[in-house]
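Colleague: Next up is a structure, given as structure tokens.
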Amino acid sequence: QVQLVESGGGLVQAGGSLRLSCLASGRTFSSYTMGWFRQASGKEREFVAAIRWSSGRTFYADSVKGRFTISRDNAKNTMVLQMNSLKPEDTANYYCAAAPYSGEGIWNTGQPSKYNYWGQGTQVTVSS
């Protein structure tokens with residue numbers, strides 16, 4: 001049974017940092033793309049960042065480029081999202097997700113519908 005479990009959310013002041021982790025289990029993810037999405041209250045779920053598990057190629061939403069860094073630890077089957085210079089508009093529930101794609105093209109990396117495994121989410125709140 002595939003499980004994605006997020007951790008690391010919390011409350012932080014604007015300008016601060018948080019580190020989110022996603023522990024993946026239940027299968028091999030070497031042919032997968034792992035992503036982070038977020039959903040603020042009353043808004044649609046939006047793409048944040050993604051990484052091709054095998055190659056390590058990364059993708060970012062324009063709103064987080066230069067502030068967030070996505071990475072993975074193959075040995076620990078863990079994906080990490082380091083979030084720096086946080087802003088109040090980053091406040092949302094953050095979800096870890098996995099999609100069965102490992103190619104090097106852009107593909108549909110930012111589309112939630114392409115991801116077939118999801119975690120339960122972790123809340124990130126940034127105060128002004």
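Letters A, B, ... mark the chains of the structure tokens in the order given; residue numbers begin at 1 per chain; ligand numbers begin at 1, in order shown.
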Assign secondary structure with DSSP using the backbone only, and return the residues of stretch 45-103 of chain A in strand (DSSP E or B) as a ChimeraX atom specification.
Modeller: /A:46-52,58-60,68-73,78-83,92-99
Colleague: For A:Ile70, work out the shell of residues within 9 Å, counting only C-alpha atoms and skipping chain neighbours fewer than 2 positions away, then give it as a PyMOL selection string.
Modeller: chain A and resi 35-36+49-51+58-60+68+72+79-83
Colleague: Restrict the selected residues to C-alpha atoms and save them as a CSV table (one decimal), in the first residue's frame.
Modeller:
chain,number,residue,atom,x,y,z
A,35,GLY,CA,5.6,17.0,-6.3
A,36,TRP,CA,4.4,19.5,-3.7
A,49,ALA,CA,7.4,22.3,-7.0
A,50,ALA,CA,8.3,18.9,-8.4
A,51,ILE,CA,11.3,16.6,-8.9
A,58,THR,CA,13.4,20.1,-10.6
A,59,PHE,CA,10.5,22.3,-11.5
A,60,TYR,CA,9.1,25.3,-9.7
A,68,PHE,CA,11.9,27.3,-2.2
A,72,ARG,CA,15.0,14.0,-2.5
A,79,MET,CA,11.4,14.3,-0.5
A,80,VAL,CA,12.0,17.7,1.1
A,81,LEU,CA,10.8,21.2,0.4
A,82,GLN,CA,13.0,23.9,2.0
A,83,MET,CA,11.0,27.1,2.2
Colleague: Have a look at A:Leu11, A:Val48, A:Ala75, A:Cys22 and name the one nearest to A:Thr91; count only C-alpha atoms.
Modeller: A:Leu11
Colleague: Set the distance at 8 Å and use only C-alpha atoms: which residues neighbour stretch 98-113 of chain A once local chain neighbours fewer than 4 positions away are removed? I'd like the list as an MDAnalysis selection string.
Modeller: chainID A and resid 30:35 37 45:50 52:54 57 59 117:118
Colleague: Mind listing the helix (DSSP H, G or I) residues of stretch 3-112 of chain A, per DSSP on the backbone, as JSON, numbers by chain?
Modeller: {"A": [88, 89, 90, 112]}
Colleague: Can you write just those residues out, C-alpha atoms, as a tab-separated table (two decimals), in the first residue's frame?
Modeller:
chain	number	residue	atom	x	y	z
A	88	PRO	CA	1.76	35.47	4.22
A	89	GLU	CA	0.50	34.42	0.77
A	90	ASP	CA	2.37	31.11	1.20
A	112	PRO	CA	-2.79	17.85	-9.95
